[in-house]
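The structure file start.cif is reproduced below (mmCIF, C-alpha atoms and all ligand atoms).
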```cif
data_data
loop_
_atom_site.label_atom_id
_atom_site.label_comp_id
_atom_site.auth_asym_id
_atom_site.auth_seq_id
_atom_site.Cartn_x
_atom_site.Cartn_y
_atom_site.Cartn_z
CA MET S 1 0.00 0.00 0.00
CA SER S 2 1.01 3.60 -0.62
CA ARG S 3 1.43 6.30 2.01
CA THR S 4 -2.24 7.35 1.85
CA GLY S 5 -3.97 4.30 0.35
CA LEU S 6 -5.96 6.70 -1.86
CA TRP S 7 -6.97 6.51 -5.51
CA ASP S 8 -7.41 9.45 -7.84
CA SER S 9 -10.24 8.11 -10.00
CA HIS S 10 -10.09 10.94 -12.55
CA ALA S 11 -6.91 12.67 -13.69
CA HIS S 12 -5.45 14.18 -16.86
CA LEU S 13 -1.75 13.59 -16.36
CA ASP S 14 -1.31 13.67 -20.13
CA ASP S 15 -2.18 17.40 -20.08
CA GLU S 16 0.55 19.77 -21.24
CA ALA S 17 0.41 21.38 -17.79
CA PHE S 18 2.55 18.39 -16.69
CA ASP S 19 5.02 18.42 -19.58
CA LYS S 20 7.78 20.03 -17.54
CA ASP S 21 7.77 17.76 -14.50
CA ARG S 22 5.63 14.69 -15.31
CA GLU S 23 8.28 12.04 -14.59
CA GLU S 24 9.27 13.63 -11.29
CA LEU S 25 5.65 13.99 -10.24
CA LEU S 26 4.85 10.38 -11.17
CA ALA S 27 7.77 9.11 -9.10
CA GLN S 28 6.33 10.95 -6.09
CA LEU S 29 2.73 9.87 -6.77
CA GLU S 30 3.79 6.24 -6.89
CA GLN S 31 4.78 6.57 -3.22
CA ASP S 32 1.73 8.56 -2.17
CA LEU S 33 -1.24 6.94 -3.94
CA ASP S 34 -2.47 3.41 -4.55
CA GLY S 35 -3.48 4.32 -8.08
CA VAL S 36 -4.61 6.87 -10.64
CA ILE S 37 -7.11 6.54 -13.49
CA ASN S 38 -6.16 8.79 -16.35
CA ALA S 39 -9.13 9.74 -18.51
CA GLY S 40 -8.81 10.40 -22.23
CA CYS S 41 -10.70 13.20 -23.99
CA ASP S 42 -9.97 12.46 -27.66
CA ALA S 43 -7.72 10.15 -29.70
CA ALA S 44 -4.46 11.90 -28.79
CA SER S 45 -5.09 12.07 -25.04
CA SER S 46 -6.53 8.53 -24.94
CA ALA S 47 -3.34 7.28 -26.64
CA LYS S 48 -1.28 9.14 -24.03
CA ALA S 49 -3.38 7.66 -21.21
CA VAL S 50 -2.77 4.17 -22.59
CA GLU S 51 0.94 4.89 -22.84
CA LEU S 52 1.15 6.17 -19.24
CA ALA S 53 -0.68 3.05 -18.06
CA ARG S 54 1.77 0.88 -19.98
CA ARG S 55 4.75 2.56 -18.35
CA TYR S 56 3.51 2.89 -14.76
CA ALA S 57 2.04 0.00 -12.79
CA PHE S 58 -0.14 2.26 -10.62
CA ILE S 59 -1.70 4.12 -13.55
CA TYR S 60 -4.78 2.89 -15.41
CA ALA S 61 -6.41 4.39 -18.47
CA ALA S 62 -9.86 5.33 -19.67
CA VAL S 63 -10.42 6.12 -23.36
CA GLY S 64 -13.10 8.17 -25.03
CA TYR S 65 -14.24 11.39 -26.66
CA HIS S 66 -15.16 14.28 -24.35
CA PRO S 67 -18.20 16.31 -25.50
CA GLU S 68 -15.96 19.34 -26.08
CA ASN S 69 -13.95 17.37 -28.66
CA LEU S 70 -16.54 16.05 -31.09
CA THR S 71 -15.95 18.38 -34.03
CA GLY S 72 -14.20 16.43 -36.78
CA ILE S 73 -14.39 13.15 -34.85
CA PRO S 74 -13.08 10.38 -37.17
CA ALA S 75 -15.71 8.17 -38.82
CA ASP S 76 -13.97 5.07 -37.43
CA TYR S 77 -13.53 6.40 -33.89
CA LEU S 78 -15.44 3.48 -32.34
CA GLU S 79 -13.07 0.95 -33.92
CA GLN S 80 -10.10 2.83 -32.49
CA LEU S 81 -11.65 2.94 -29.02
CA ALA S 82 -12.53 -0.77 -29.29
CA LYS S 83 -8.88 -1.66 -29.90
CA TRP S 84 -7.84 0.17 -26.74
CA ALA S 85 -10.78 -1.19 -24.72
CA GLN S 86 -9.35 -4.70 -25.04
CA LEU S 87 -6.07 -3.79 -23.33
CA PRO S 88 -5.75 -5.07 -19.77
CA LYS S 89 -5.08 -1.65 -18.25
CA VAL S 90 -7.90 0.19 -20.02
CA VAL S 91 -10.52 0.06 -17.27
CA ALA S 92 -13.27 2.39 -18.54
CA ILE S 93 -14.71 4.38 -21.43
CA GLY S 94 -14.41 8.09 -20.61
CA GLU S 95 -14.61 10.77 -20.23
CA ILE S 96 -17.78 11.03 -22.24
CA GLY S 97 -21.01 12.96 -21.78
CA LEU S 98 -22.84 16.17 -22.48
CA ASP S 99 -21.54 19.73 -22.22
CA TYR S 100 -24.03 22.50 -22.90
CA TYR S 101 -21.85 25.18 -21.31
CA TRP S 102 -19.60 25.97 -24.26
CA LYS S 103 -21.50 27.49 -27.18
CA GLU S 104 -18.99 26.18 -29.72
CA ASN S 105 -19.68 22.54 -28.80
CA GLU S 106 -21.60 20.36 -31.25
CA PRO S 107 -25.43 20.55 -31.10
CA LYS S 108 -27.20 18.61 -28.36
CA GLU S 109 -28.44 15.88 -30.70
CA VAL S 110 -24.92 15.20 -31.98
CA GLN S 111 -23.56 15.10 -28.43
CA LYS S 112 -26.25 12.66 -27.33
CA ARG S 113 -25.70 10.37 -30.32
CA ILE S 114 -21.95 10.10 -29.80
CA PHE S 115 -22.41 9.73 -26.05
CA LEU S 116 -24.83 6.82 -26.52
CA GLU S 117 -22.57 5.20 -29.13
CA GLN S 118 -19.70 5.23 -26.64
CA ILE S 119 -21.97 3.78 -23.94
CA ASP S 120 -22.85 0.92 -26.31
CA LEU S 121 -19.15 0.34 -26.86
CA ALA S 122 -18.57 0.19 -23.08
CA LYS S 123 -21.34 -2.40 -22.81
CA GLN S 124 -19.69 -4.57 -25.47
CA PHE S 125 -16.59 -4.78 -23.29
CA ASN S 126 -18.45 -4.80 -19.99
CA LEU S 127 -16.60 -1.61 -19.01
CA PRO S 128 -17.93 1.21 -16.82
CA VAL S 129 -18.25 4.74 -18.21
CA ILE S 130 -16.92 8.00 -16.78
CA ILE S 131 -19.49 10.74 -17.26
CA HIS S 132 -18.95 14.45 -17.84
CA ASP S 133 -22.15 16.46 -17.34
CA ARG S 134 -21.89 20.24 -17.53
CA ASP S 135 -25.08 22.30 -17.65
CA ALA S 136 -26.88 19.28 -19.12
CA HIS S 137 -28.39 17.74 -15.97
CA GLY S 138 -31.96 17.48 -17.33
CA ASP S 139 -31.01 15.64 -20.52
CA MET S 140 -28.45 13.50 -18.71
CA LEU S 141 -30.92 12.35 -16.09
CA GLU S 142 -33.54 11.65 -18.74
CA LEU S 143 -31.09 9.50 -20.72
CA PHE S 144 -30.26 7.46 -17.61
CA GLN S 145 -33.92 7.13 -16.67
CA LYS S 146 -35.20 6.18 -20.11
CA GLU S 147 -32.49 4.91 -22.44
CA VAL S 148 -29.31 3.81 -20.75
CA ARG S 149 -29.37 0.30 -19.35
CA GLY S 150 -26.86 -2.34 -18.43
CA VAL S 151 -23.78 -0.20 -17.86
CA GLN S 152 -22.05 0.98 -14.70
CA ALA S 153 -21.15 4.65 -14.48
CA VAL S 154 -19.51 7.31 -12.37
CA PHE S 155 -20.69 10.90 -12.58
CA HIS S 156 -17.36 12.61 -12.32
CA CYS S 157 -17.20 15.83 -10.30
CA PHE S 158 -20.92 15.56 -9.71
CA SER S 159 -22.58 18.99 -9.85
CA GLY S 160 -26.28 18.09 -10.09
CA SER S 161 -28.98 18.58 -7.50
CA LEU S 162 -29.69 16.38 -4.52
CA GLU S 163 -32.84 15.21 -6.33
CA MET S 164 -30.80 14.11 -9.33
CA ALA S 165 -28.31 12.37 -7.02
CA LYS S 166 -31.19 10.47 -5.42
CA GLU S 167 -32.40 9.25 -8.81
CA LEU S 168 -28.91 8.12 -9.83
CA ALA S 169 -28.09 6.53 -6.46
CA LYS S 170 -31.29 4.52 -6.66
CA ARG S 171 -29.91 2.97 -9.85
CA GLY S 172 -26.53 2.24 -8.24
CA TYR S 173 -24.44 4.78 -10.13
CA TYR S 174 -21.28 6.18 -8.59
CA PHE S 175 -20.37 9.79 -7.77
CA GLY S 176 -16.94 11.37 -8.14
CA PHE S 177 -16.03 14.05 -5.59
CA GLY S 178 -13.11 16.35 -6.27
CA GLY S 179 -11.73 19.76 -5.40
CA THR S 180 -15.07 21.51 -5.73
CA SER S 181 -16.34 19.61 -2.67
CA THR S 182 -13.80 21.55 -0.59
CA TYR S 183 -14.93 25.00 -1.78
CA LYS S 184 -16.64 27.21 0.75
CA ASN S 185 -19.66 27.89 -1.49
CA ALA S 186 -20.14 24.22 -2.45
CA GLN S 187 -22.64 23.33 0.26
CA LYS S 188 -24.78 21.53 -2.33
CA VAL S 189 -21.95 19.17 -3.29
CA ARG S 190 -21.31 18.36 0.38
CA GLU S 191 -25.02 17.65 0.86
CA VAL S 192 -24.84 15.13 -1.98
CA LEU S 193 -21.71 13.63 -0.41
CA GLN S 194 -23.56 13.18 2.88
CA TYR S 195 -26.61 11.73 1.21
CA VAL S 196 -25.32 9.15 -1.27
CA PRO S 197 -24.68 5.58 -0.07
CA LYS S 198 -21.05 5.31 1.05
CA GLU S 199 -20.34 2.45 -1.34
CA LEU S 200 -20.98 4.80 -4.29
CA ILE S 201 -18.41 7.47 -3.35
CA LEU S 202 -15.22 7.94 -5.38
CA LEU S 203 -12.51 10.55 -4.95
CA GLU S 204 -10.85 12.37 -7.83
CA THR S 205 -8.92 15.47 -8.82
CA ASP S 206 -9.71 16.18 -12.51
CA CYS S 207 -6.20 17.62 -12.47
CA PRO S 208 -4.82 19.96 -13.71
CA TYR S 209 -8.20 21.62 -13.04
CA LEU S 210 -10.42 22.12 -9.96
CA THR S 211 -7.67 22.26 -7.35
CA PRO S 212 -8.90 21.67 -3.78
CA VAL S 213 -8.50 24.08 -0.89
CA PRO S 214 -5.85 25.07 0.27
CA PHE S 215 -4.21 25.10 -3.17
CA ARG S 216 -7.16 26.51 -5.12
CA GLY S 217 -5.86 28.59 -8.04
CA LYS S 218 -2.66 26.55 -8.42
CA ARG S 219 -2.17 23.61 -10.78
CA ASN S 220 -3.93 20.52 -9.47
CA ASN S 221 -2.23 17.10 -9.36
CA PRO S 222 -3.35 13.61 -8.20
CA GLY S 223 -1.49 14.02 -4.90
CA TYR S 224 -3.95 16.72 -3.87
CA VAL S 225 -6.69 14.10 -3.72
CA GLU S 226 -5.50 13.82 -0.13
CA TYR S 227 -7.02 17.25 0.67
CA THR S 228 -10.34 16.29 -0.87
CA ALA S 229 -10.20 13.05 1.14
CA ARG S 230 -9.49 14.88 4.42
CA ASN S 231 -12.40 17.21 3.75
CA ALA S 232 -14.71 14.30 2.86
CA ALA S 233 -13.66 12.41 6.01
CA GLU S 234 -14.66 15.44 8.05
CA VAL S 235 -17.99 15.85 6.24
CA LEU S 236 -18.77 12.14 6.70
CA GLN S 237 -17.31 11.98 10.21
CA MET S 238 -15.05 9.10 9.29
CA ASP S 239 -11.40 8.36 10.03
CA PHE S 240 -9.10 9.25 7.19
CA ALA S 241 -7.86 5.64 6.94
CA GLU S 242 -11.42 4.33 6.95
CA LEU S 243 -12.41 6.73 4.16
CA ALA S 244 -9.30 5.81 2.15
CA ALA S 245 -10.11 2.10 2.45
CA LEU S 246 -13.76 2.68 1.56
CA THR S 247 -13.06 4.76 -1.55
CA ALA S 248 -10.24 2.46 -2.70
CA ALA S 249 -12.61 -0.52 -2.46
CA ASN S 250 -15.29 1.43 -4.35
CA THR S 251 -12.80 2.32 -7.10
CA ARG S 252 -11.73 -1.31 -7.48
CA ARG S 253 -15.32 -2.53 -7.56
CA LEU S 254 -16.43 -0.11 -10.29
CA PHE S 255 -13.23 -0.39 -12.35
CA TRP S 256 -13.13 -4.18 -12.05
CA LYS S 257 -10.15 -4.63 -14.41
CA ILE S 258 -7.81 -3.05 -11.86
CA LYS S 259 -5.41 -5.72 -10.62
ZN ZN S 301 -11.86 15.38 -16.66
#
```

How would this structure read if it were set down as structure tokens?
Ligand SMILES: [Zn+2]
Amino acid sequence: MSRTGLWDSHAHLDDEAFDKDREELLAQLEQDLDGVINAGCDAASSAKAVELARRYAFIYAAVGYHPENLTGIPADYLEQLAKWAQLPKVVAIGEIGLDYYWKENEPKEVQKRIFLEQIDLAKQFNLPVIIHDRDAHGDMLELFQKEVRGVQAVFHCFSGSLEMAKELAKRGYYFGFGGTSTYKNAQKVREVLQYVPKELILLETDCPYLTPVPFRGKRNNPGYVEYTARNAAEVLQMDFAELAALTAANTRRLFWKIK
């Protein structure tokens, strides 16, 4: 076991923000964390995630097309993702989802179609999906209530309402909590954290973004998942070690290919 016993279930270590010190950082993280899941956002970043997972025992990869990266998506993108999905260290399809925040993103119908295609791919390989949902809570919930069946999922950096969380928890979906859960004005996120069944809680960073307090504003990295974990332990009135063991077990259950 590592120093903390924690997992970062959602990181972007392939991001150029880590180009200057990636190797050094990874050497440190290997001591501090039990594991990291690096999520891909398009072909290039998914390839980098796979490569990081190949080189580092404690890193696992997810592959997929993020809703911000759908313009010009190759016609054969599903075949490419399918090749990666068969690799032993590719543990999920993601991050995928809906993003209605950025006006330049593809229209809603295109986003939904590609999202559902990637969910079907995940089902073929019995893999869980990592969901990005920004300003699309209504459509996302509707899809999971009416169309999506037979796939496990984590709603990464969950930002929906308590009502939405209740609907998703009822269906056994997981919730990723990251830096935003430490922010002073994020009472809603902490309410969700308190409400959802403990076996559905995952910790994450989404680094290099969404840095937890007390480093908010600086570059995030998987090591900072420790601050999110300390905050969550306080909110849930659990020991740090107990929370680490719980969330590590949850991560391994959802991402069943982890060895
Ligand atoms: Zn992300």

Within 9 Å of ligand ZN 301 (chain S), counting only C-alpha atoms and all ligand atoms: which residues, as a VMD selection string?
chain S and resid 10 to 12 38 to 41 66 94 to 95 130 to 132 156 to 157 205 to 209

Within 9 Å of region 231-235 of chain S: each region 127-186 of chain S residue with its shortest pair, all atoms listed in the file, as CSV:
```
residue,atom,partner,partner_atom,distance
S:Phe177,CA,S:Ala232,CA,8.6
S:Ser181,CA,S:Ala232,CA,7.8
S:Thr182,CA,S:Asn231,CA,6.3
```

Write to file, as an mmCIF file, in the coordinates of the input, the residues of the selection just made, with C-alpha atoms.
```
data_model
loop_
_atom_site.group_PDB
_atom_site.id
_atom_site.type_symbol
_atom_site.label_atom_id
_atom_site.label_comp_id
_atom_site.auth_asym_id
_atom_site.auth_seq_id
_atom_site.Cartn_x
_atom_site.Cartn_y
_atom_site.Cartn_z
ATOM 1 C CA PHE S 177 -16.030 14.050 -5.590
ATOM 2 C CA SER S 181 -16.340 19.610 -2.670
ATOM 3 C CA THR S 182 -13.800 21.550 -0.590
#
```

Pairwise distance, CA of Asn250 (chain S) with CA of Tyr174 (chain S), equals 8.7 Å

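Shortest separation to Gly64 (chain S) among S:Asn220, S:Gln124, S:Asn185, S:Gln80 occurs at residue S:Gln80, atoms counted being only C-alpha atoms.
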
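In terms of minimum interatomic distance to Tyr77 (chain S), S:Val63 ranks closest within S:Leu29, S:Leu254, S:Leu141, S:Val63, counting all atoms listed in the file.
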
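Proximity of S:Ala75, S:Ile114, S:Met164, S:Val154 to Ile201 (chain S), computed with only C-alpha atoms, is greatest for S:Val154.
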
Using all atoms listed in the file and a cutoff of 12 Å, can you tell me which residues are near (-30.7, 6.5, -18.4) in the file's coordinates, and write them out as a PDB file with C-alpha atoms, in the coordinates of the input?
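Now in result.pdb:
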```
ATOM      1  CA  LYS S 112     -26.250  12.660 -27.330  1.00  0.00           C
ATOM      2  CA  PHE S 115     -22.410   9.730 -26.050  1.00  0.00           C
ATOM      3  CA  LEU S 116     -24.830   6.820 -26.520  1.00  0.00           C
ATOM      4  CA  ILE S 119     -21.970   3.780 -23.940  1.00  0.00           C
ATOM      5  CA  HIS S 137     -28.390  17.740 -15.970  1.00  0.00           C
ATOM      6  CA  GLY S 138     -31.960  17.480 -17.330  1.00  0.00           C
ATOM      7  CA  ASP S 139     -31.010  15.640 -20.520  1.00  0.00           C
ATOM      8  CA  MET S 140     -28.450  13.500 -18.710  1.00  0.00           C
ATOM      9  CA  LEU S 141     -30.920  12.350 -16.090  1.00  0.00           C
ATOM     10  CA  GLU S 142     -33.540  11.650 -18.740  1.00  0.00           C
ATOM     11  CA  LEU S 143     -31.090   9.500 -20.720  1.00  0.00           C
ATOM     12  CA  PHE S 144     -30.260   7.460 -17.610  1.00  0.00           C
ATOM     13  CA  GLN S 145     -33.920   7.130 -16.670  1.00  0.00           C
ATOM     14  CA  LYS S 146     -35.200   6.180 -20.110  1.00  0.00           C
ATOM     15  CA  GLU S 147     -32.490   4.910 -22.440  1.00  0.00           C
ATOM     16  CA  VAL S 148     -29.310   3.810 -20.750  1.00  0.00           C
ATOM     17  CA  ARG S 149     -29.370   0.300 -19.350  1.00  0.00           C
ATOM     18  CA  GLY S 150     -26.860  -2.340 -18.430  1.00  0.00           C
ATOM     19  CA  VAL S 151     -23.780  -0.200 -17.860  1.00  0.00           C
ATOM     20  CA  GLN S 152     -22.050   0.980 -14.700  1.00  0.00           C
ATOM     21  CA  ALA S 153     -21.150   4.650 -14.480  1.00  0.00           C
ATOM     22  CA  MET S 164     -30.800  14.110  -9.330  1.00  0.00           C
ATOM     23  CA  GLU S 167     -32.400   9.250  -8.810  1.00  0.00           C
ATOM     24  CA  LEU S 168     -28.910   8.120  -9.830  1.00  0.00           C
ATOM     25  CA  LYS S 170     -31.290   4.520  -6.660  1.00  0.00           C
ATOM     26  CA  ARG S 171     -29.910   2.970  -9.850  1.00  0.00           C
ATOM     27  CA  GLY S 172     -26.530   2.240  -8.240  1.00  0.00           C
ATOM     28  CA  TYR S 173     -24.440   4.780 -10.130  1.00  0.00           C
TER      29      TYR S 173
END
```

Using only C-alpha atoms, the best pick from S:Ala249, S:Leu26, S:Ala229, S:Ile73 as closest to Thr4 (chain S) would be S:Ala229

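What separates CA of Leu13 (chain S) from CA of Val192 (chain S) is a distance of 27.2 Å.
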
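One finds CA of Arg113 (chain S) at 17.8 Å from CA of Tyr101 (chain S).
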
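Using only C-alpha atoms, the shortest contact distance between Pro107 (chain S) and any of S:Ser2, S:Gln86, S:Thr211, S:Thr71 is found at S:Thr71.
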
If you count only C-alpha atoms, the residue of S:Tyr60, S:Phe215, S:Trp102, S:Phe240 closest to Val90 (chain S) turns out to be S:Tyr60

Using only C-alpha atoms, can you list as a PyMOL selection string the residues within 9 Å of (-7.2, -1.0, -2.1)? chain S and resi 1+5-7+34-35+244-252

Writer output for current selection, C-alpha atoms, as a tab-separated table (two decimals), in the frame of the given file:
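Writing done, so here's part.tsv:
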```
chain	number	residue	atom	x	y	z
S	1	MET	CA	0.00	0.00	0.00
S	5	GLY	CA	-3.97	4.30	0.35
S	6	LEU	CA	-5.96	6.70	-1.86
S	7	TRP	CA	-6.97	6.51	-5.51
S	34	ASP	CA	-2.47	3.41	-4.55
S	35	GLY	CA	-3.48	4.32	-8.08
S	244	ALA	CA	-9.30	5.81	2.15
S	245	ALA	CA	-10.11	2.10	2.45
S	246	LEU	CA	-13.76	2.68	1.56
S	247	THR	CA	-13.06	4.76	-1.55
S	248	ALA	CA	-10.24	2.46	-2.70
S	249	ALA	CA	-12.61	-0.52	-2.46
S	250	ASN	CA	-15.29	1.43	-4.35
S	251	THR	CA	-12.80	2.32	-7.10
S	252	ARG	CA	-11.73	-1.31	-7.48
```

Discussion item. Neighbouring residues of Thr228 (chain S) were defined as those with any atom within 7 Å, considering only C-alpha atoms; residues of the same chain fewer than 5 positions away were excluded. Please report them as an MDAnalysis selection string.
Written reply: chainID S and resid 178:179 182 212

- Item | Shell of 6 Å around Ala49 (chain S), all atoms listed in the file, local chain residues under 3 positions omitted, as a PyMOL selection string | chain S and resi 38+46+52+61

Repaired coordinates for region 94-107 of chain S (N, CA and C atoms) as an mmCIF file, in the frame of the given file:
```
data_model
loop_
_atom_site.group_PDB
_atom_site.id
_atom_site.type_symbol
_atom_site.label_atom_id
_atom_site.label_comp_id
_atom_site.auth_asym_id
_atom_site.auth_seq_id
_atom_site.Cartn_x
_atom_site.Cartn_y
_atom_site.Cartn_z
ATOM 1 N N GLY S 94 -14.188 6.741 -21.163
ATOM 2 C CA GLY S 94 -14.410 8.090 -20.610
ATOM 3 C C GLY S 94 -13.207 8.977 -20.820
ATOM 4 N N GLU S 95 -13.349 10.318 -20.708
ATOM 5 C CA GLU S 95 -14.610 10.770 -20.230
ATOM 6 C C GLU S 95 -15.511 11.167 -21.365
ATOM 7 N N ILE S 96 -16.780 10.808 -21.200
ATOM 8 C CA ILE S 96 -17.780 11.030 -22.240
ATOM 9 C C ILE S 96 -18.980 11.720 -21.602
ATOM 10 N N GLY S 97 -19.836 12.333 -22.401
ATOM 11 C CA GLY S 97 -21.010 12.960 -21.780
ATOM 12 C C GLY S 97 -21.610 14.070 -22.597
ATOM 13 N N LEU S 98 -22.164 15.023 -21.867
ATOM 14 C CA LEU S 98 -22.840 16.170 -22.480
ATOM 15 C C LEU S 98 -22.295 17.438 -21.858
ATOM 16 N N ASP S 99 -22.034 18.443 -22.693
ATOM 17 C CA ASP S 99 -21.540 19.730 -22.220
ATOM 18 C C ASP S 99 -22.262 20.833 -22.956
ATOM 19 N N TYR S 100 -23.237 21.430 -22.282
ATOM 20 C CA TYR S 100 -24.030 22.500 -22.900
ATOM 21 C C TYR S 100 -23.514 23.875 -22.486
ATOM 22 N N TYR S 101 -22.391 23.907 -21.804
ATOM 23 C CA TYR S 101 -21.850 25.180 -21.310
ATOM 24 C C TYR S 101 -21.188 25.965 -22.437
ATOM 25 N N TRP S 102 -20.335 25.284 -23.194
ATOM 26 C CA TRP S 102 -19.600 25.970 -24.260
ATOM 27 C C TRP S 102 -20.451 26.051 -25.514
ATOM 28 N N LYS S 103 -20.641 27.285 -26.001
ATOM 29 C CA LYS S 103 -21.500 27.490 -27.180
ATOM 30 C C LYS S 103 -20.929 26.845 -28.436
ATOM 31 N N GLU S 104 -19.602 26.720 -28.507
ATOM 32 C CA GLU S 104 -18.990 26.180 -29.720
ATOM 33 C C GLU S 104 -19.049 24.646 -29.787
ATOM 34 N N ASN S 105 -19.543 23.996 -28.748
ATOM 35 C CA ASN S 105 -19.680 22.540 -28.800
ATOM 36 C C ASN S 105 -20.719 22.137 -29.846
ATOM 37 N N GLU S 106 -20.645 20.881 -30.263
ATOM 38 C CA GLU S 106 -21.600 20.360 -31.250
ATOM 39 C C GLU S 106 -23.026 20.430 -30.675
ATOM 40 N N PRO S 107 -24.041 20.477 -31.568
ATOM 41 C CA PRO S 107 -25.430 20.550 -31.100
ATOM 42 C C PRO S 107 -25.795 19.371 -30.180
#
```
